[in-house]
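Okay, so here's the structure we're looking at.
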Amino acid sequence: MSFPHISEDLKSVSVRIGGMCFTAEAVLRLCIDGFIGHKAELIGGAQERTVSLNEEGNQLGKLLRDKATERTGNKEQIKYLLATLSSVRLALNGLDSLSRHVKFKIDEKIILSDKGFDEIRYLFHASLDILKSAGDTIANRKESFMKYVMDKCANLEILARQYAERHEERLITGICLPDASPVYVCIVDSVLTVVWHIKNAVTRLFGKW
């Protein structure tokens with residue numbers, strides 16, 4: 001256990017990093033609603049929240065780096081929190097990419113096949129659970145929660161690979177239109193980027209690389 005004892009200031013940092021995951025969950029919800037309802041204005045709201053999240057990440061990064069220079073700081077805990085914050089911020093990059101691809105789909109009026117639409121919607125909702133659970137894990141520093149997040153991430157990655165194979169079959173048979181294929185692939189890749197880095201965030205919190 002990496003956090004048997006933790007100072008109040010570092011505890012506050014971990015809560016704020018967990019809060020970034022909760023806000024990322026809200027951002028993804030806006031992307032989902034925009035994707036389903038073809039509402040570009042919701043994607044704009046998601047992108048605004050992502051900017052705020054990046055500002056929070058900057059503040060927390062500076063705070064932790066300043067703490068690392070103090071003689072009384074727990075260097076190991078600070079190292080793990082910095083690594084976790086870095087991974088969360090990389091996940092946010094994936095979320096920003098996802099929002100841009102969804103907005104492109106809406107703006108260009110690209111229609112996915114029914115199967116493709118349902119697959120992406122399922123991956124979105126599975127990712128919501130991952131973000132919420134990661135937020136709980138980080139905010140509460142509960143190593144026992146980590147396995148749940150890791151298992152959920154692994155299952156989603158397997159499912160996404162299966163979806164990619166089915167997508168190729170639909171493209172070959174003409175069920176998926178050529179202009180829709182890049183959008184489908186980019187959205188799925190963005191989801192996988194988010195999930196990959198969130199998995200790293202929860203494992204690195206406990207010193208597991």
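In the structure tokens, the first chain shown is A, the next is B, and so on; residue numbers restart at 1 for each chain, and ligands run from 1 in the order shown.
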Using only C-alpha atoms, which protein or nucleic acid residues come within 10 Å of A:Ser86? Drop anything in the same chain fewer than 5 positions from it, and give the result as a VMD selection string. chain A and resid 57 61 80 to 81 91 to 92 197 200 to 201 204
Stretch 12-26 of chain A surroundings by only C-alpha atoms, 9 Å radius, close-in-sequence under 3 positions cut, as an MDAnalysis selection string: chainID A and resid 7:9 29:31 46 49:50 53 56:57 60 63:64 81 84:85 88:89 91:92 95 127:141 198
Expected file: the selected residues, N, CA and C atoms, as a CSV table (one decimal), in the first residue's frame:
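Everything below was put into selection.csv:
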```csv
chain,number,residue,atom,x,y,z
A,7,SER,N,-0.2,13.1,4.0
A,7,SER,CA,-0.5,14.5,4.6
A,7,SER,C,-1.8,15.0,4.0
A,8,GLU,N,-2.4,16.0,4.7
A,8,GLU,CA,-3.6,16.5,4.3
A,8,GLU,C,-3.5,17.3,2.9
A,9,ASP,N,-2.3,17.9,2.7
A,9,ASP,CA,-2.2,18.6,1.4
A,9,ASP,C,-2.1,17.7,0.3
A,29,ARG,N,-20.0,12.5,-21.2
A,29,ARG,CA,-21.5,12.5,-21.3
A,29,ARG,C,-22.0,13.5,-22.4
A,30,LEU,N,-21.4,14.7,-22.4
A,30,LEU,CA,-21.7,15.7,-23.4
A,30,LEU,C,-21.4,15.2,-24.8
A,31,CYS,N,-20.3,14.5,-24.9
A,31,CYS,CA,-19.9,13.9,-26.2
A,31,CYS,C,-20.9,12.9,-26.7
A,46,ALA,N,-18.4,20.5,-24.2
A,46,ALA,CA,-17.4,19.5,-23.8
A,46,ALA,C,-16.0,20.0,-23.9
A,49,ARG,N,-15.0,22.5,-21.2
A,49,ARG,CA,-14.7,21.9,-19.9
A,49,ARG,C,-13.3,21.3,-20.0
A,50,THR,N,-12.9,20.8,-21.1
A,50,THR,CA,-11.6,20.2,-21.3
A,50,THR,C,-10.5,21.3,-21.1
A,53,LEU,N,-10.2,21.7,-17.4
A,53,LEU,CA,-9.5,20.5,-16.9
A,53,LEU,C,-8.0,20.7,-17.1
A,56,GLU,N,-6.7,23.0,-14.5
A,56,GLU,CA,-6.6,22.4,-13.2
A,56,GLU,C,-5.3,21.5,-13.2
A,57,GLY,N,-5.0,20.8,-14.3
A,57,GLY,CA,-3.9,20.0,-14.3
A,57,GLY,C,-2.6,20.8,-14.2
A,60,LEU,N,-2.2,21.7,-10.5
A,60,LEU,CA,-1.8,20.6,-9.6
A,60,LEU,C,-0.4,20.2,-9.9
A,63,LEU,N,1.8,22.6,-8.1
A,63,LEU,CA,1.8,22.4,-6.7
A,63,LEU,C,2.6,21.2,-6.2
A,64,LEU,N,2.5,20.1,-7.0
A,64,LEU,CA,3.3,18.9,-6.7
A,64,LEU,C,4.8,19.1,-6.9
A,81,LEU,N,1.8,10.6,-7.4
A,81,LEU,CA,0.8,11.5,-7.7
A,81,LEU,C,1.1,12.3,-9.0
A,84,THR,N,0.4,9.9,-11.9
A,84,THR,CA,-1.0,9.7,-12.0
A,84,THR,C,-1.6,10.9,-12.7
A,85,LEU,N,-1.2,12.1,-12.3
A,85,LEU,CA,-1.7,13.3,-12.9
A,85,LEU,C,-1.3,13.3,-14.4
A,88,VAL,N,-3.6,11.0,-16.4
A,88,VAL,CA,-4.9,11.6,-16.5
A,88,VAL,C,-4.9,12.7,-17.6
A,89,ARG,N,-3.9,13.5,-17.6
A,89,ARG,CA,-3.8,14.5,-18.6
A,89,ARG,C,-3.7,14.0,-20.0
A,91,ALA,N,-5.0,11.1,-20.9
A,91,ALA,CA,-6.4,10.7,-21.1
A,91,ALA,C,-7.3,11.8,-21.6
A,92,LEU,N,-7.0,13.0,-21.1
A,92,LEU,CA,-7.8,14.2,-21.5
A,92,LEU,C,-7.5,14.5,-22.9
A,95,LEU,N,-9.6,12.4,-24.9
A,95,LEU,CA,-11.0,12.9,-24.8
A,95,LEU,C,-11.2,14.1,-25.7
A,127,SER,N,-16.9,3.4,-21.0
A,127,SER,CA,-15.9,4.3,-20.6
A,127,SER,C,-16.3,5.2,-19.5
A,128,LEU,N,-17.6,5.5,-19.5
A,128,LEU,CA,-18.2,6.3,-18.3
A,128,LEU,C,-17.9,5.6,-17.0
A,129,ASP,N,-18.2,4.3,-17.0
A,129,ASP,CA,-18.0,3.6,-15.7
A,129,ASP,C,-16.5,3.6,-15.4
A,130,ILE,N,-15.6,3.4,-16.3
A,130,ILE,CA,-14.2,3.4,-16.1
A,130,ILE,C,-13.7,4.7,-15.5
A,131,LEU,N,-14.2,5.8,-16.1
A,131,LEU,CA,-13.8,7.2,-15.6
A,131,LEU,C,-14.3,7.4,-14.1
A,132,LYS,N,-15.5,7.0,-13.9
A,132,LYS,CA,-16.1,7.2,-12.5
A,132,LYS,C,-15.3,6.3,-11.5
A,133,SER,N,-15.1,5.1,-11.9
A,133,SER,CA,-14.4,4.2,-11.0
A,133,SER,C,-12.9,4.6,-10.7
A,134,ALA,N,-12.3,5.1,-11.8
A,134,ALA,CA,-10.9,5.7,-11.6
A,134,ALA,C,-10.9,6.9,-10.7
A,135,GLY,N,-11.9,7.7,-10.9
A,135,GLY,CA,-12.0,8.9,-10.0
A,135,GLY,C,-12.2,8.5,-8.5
A,136,ASP,N,-13.0,7.4,-8.3
A,136,ASP,CA,-13.1,6.9,-6.9
A,136,ASP,C,-11.8,6.3,-6.4
A,137,THR,N,-11.1,5.6,-7.2
A,137,THR,CA,-9.9,5.0,-6.8
A,137,THR,C,-8.8,6.0,-6.5
A,138,ILE,N,-8.7,7.1,-7.3
A,138,ILE,CA,-7.7,8.1,-7.1
A,138,ILE,C,-8.0,9.0,-5.9
A,139,ALA,N,-9.3,9.4,-5.8
A,139,ALA,CA,-9.7,10.3,-4.8
A,139,ALA,C,-9.6,9.7,-3.4
A,140,ASN,N,-9.9,8.4,-3.3
A,140,ASN,CA,-9.9,7.7,-2.0
A,140,ASN,C,-8.6,6.9,-1.8
A,141,ARG,N,-7.8,6.8,-2.8
A,141,ARG,CA,-6.5,6.1,-2.7
A,141,ARG,C,-6.7,4.7,-2.3
A,198,ILE,N,-6.1,6.1,-18.5
A,198,ILE,CA,-6.8,6.0,-17.3
A,198,ILE,C,-6.3,4.7,-16.5
```
So how many Å separate atom CA of A:Asn93 and atom CA of A:Lys39, to one decimal? 21.5 Å
One decimal, in Å: what's the spacing between atom CA of A:Val195 and atom CA of A:Ala160? 11.0 Å
Atom CA of A:Asn155 to atom CA of A:Leu123, straight-line distance in Å: 10.5 Å
For A:Cys176, list every protein, DNA or RNA residue within 10 Å, evaluated using only C-alpha atoms, and leave out those in the same chain fewer than 5 positions away; present the list as a JSON list (two decimals) with N, CA and C atoms, in the first residue's frame.
```json
[["chain", "number", "residue", "atom", "x", "y", "z"],
["A", 111, "ILE", "N", -23.11, 9.53, -41.62],
["A", 111, "ILE", "CA", -24.01, 8.52, -41.03],
["A", 111, "ILE", "C", -23.26, 7.20, -40.88],
["A", 112, "LEU", "N", -23.23, 6.69, -39.67],
["A", 112, "LEU", "CA", -22.64, 5.37, -39.42],
["A", 112, "LEU", "C", -23.70, 4.30, -39.63],
["A", 113, "SER", "N", -23.25, 3.08, -39.87],
["A", 113, "SER", "CA", -24.19, 1.96, -39.93],
["A", 113, "SER", "C", -24.81, 1.77, -38.55],
["A", 114, "ASP", "N", -25.95, 1.11, -38.51],
["A", 114, "ASP", "CA", -26.61, 0.87, -37.22],
["A", 114, "ASP", "C", -25.69, 0.14, -36.26],
["A", 115, "LYS", "N", -24.99, -0.86, -36.77],
["A", 115, "LYS", "CA", -24.07, -1.63, -35.93],
["A", 115, "LYS", "C", -22.94, -0.75, -35.41],
["A", 116, "GLY", "N", -22.37, 0.03, -36.31],
["A", 116, "GLY", "CA", -21.27, 0.91, -35.91],
["A", 116, "GLY", "C", -21.71, 1.91, -34.87],
["A", 167, "HIS", "N", -16.00, -4.17, -38.06],
["A", 167, "HIS", "CA", -16.08, -2.97, -38.90],
["A", 167, "HIS", "C", -15.43, -3.21, -40.25],
["A", 168, "GLU", "N", -14.29, -3.88, -40.26],
["A", 168, "GLU", "CA", -13.61, -4.18, -41.52],
["A", 168, "GLU", "C", -14.50, -5.04, -42.41],
["A", 169, "GLU", "N", -15.19, -6.00, -41.80],
["A", 169, "GLU", "CA", -16.09, -6.86, -42.57],
["A", 169, "GLU", "C", -17.24, -6.04, -43.17],
["A", 170, "ARG", "N", -17.77, -5.10, -42.38],
["A", 170, "ARG", "CA", -18.87, -4.27, -42.88],
["A", 170, "ARG", "C", -18.39, -3.36, -44.01],
["A", 171, "LEU", "N", -17.15, -2.91, -43.91],
["A", 171, "LEU", "CA", -16.59, -2.05, -44.95],
["A", 171, "LEU", "C", -16.42, -2.82, -46.25],
["A", 181, "SER", "N", -16.09, 5.30, -42.48],
["A", 181, "SER", "CA", -15.08, 4.43, -41.88],
["A", 181, "SER", "C", -14.01, 5.17, -41.09],
["A", 184, "TYR", "N", -15.42, 6.35, -37.73],
["A", 184, "TYR", "CA", -15.60, 5.24, -36.79],
["A", 184, "TYR", "C", -14.26, 4.86, -36.17]]
```
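Distance check against A:Pro182 using only C-alpha atoms: of A:Val194, A:Gln162, A:Lys142, A:Ile110, the minimum falls on A:Ile110.
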Pick out the residues sitting within 12 Å of stretch 68-70 of chain A, and hand them over as a list of chain:residue names; count only C-alpha atoms, and ignore anything fewer than 6 positions along from it in its own chain. A:Leu10, A:Gly61, A:Lys62, A:Glu76, A:Gln77, A:Ile78, A:Lys79, A:Tyr80, A:Leu81, A:Leu82
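Distances here use only C-alpha atoms; by that measure, the residue among A:His125, A:Lys208, A:Lys147, A:Arg166 closest to A:Val191 is A:His125.
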Any chance you could list, as a PyMOL selection string, the residues in chain A that come up alpha helix (DSSP H) when DSSP is run on the backbone? chain A and resi 8-37+40-68+75-107+114-140+143-173+181-205
Could you list, as a PyMOL selection string, every residue within 10 Å of A:Lys109, counting only C-alpha atoms and ignoring same-chain residues fewer than 6 positions away? chain A and resi 38+103+180
With C-alpha atoms retained, export the selected residues as a PDB file, in the first residue's frame.
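In the end it all went to selection_23.pdb:
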```pdb
ATOM      1  CA  HIS A  38     -26.376  15.266 -33.555  1.00  0.00           C
ATOM      2  CA  LYS A 103     -18.006  17.207 -33.974  1.00  0.00           C
ATOM      3  CA  ALA A 180     -17.942   6.875 -42.415  1.00  0.00           C
TER       4      ALA A 180
END
```
Which is closer to A:Val149 than all the others in A:Leu192, A:Ile120, A:Val202, A:Ile106, using only C-alpha atoms?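 Closest candidate: A:Val202.
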Select, from A:Val188, A:Val183, A:Ala164, A:Ala83, the residue with the minimum atom-to-atom distance to A:Arg121, counting only C-alpha atoms.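 The closest residue to A:Arg121 is A:Val188.
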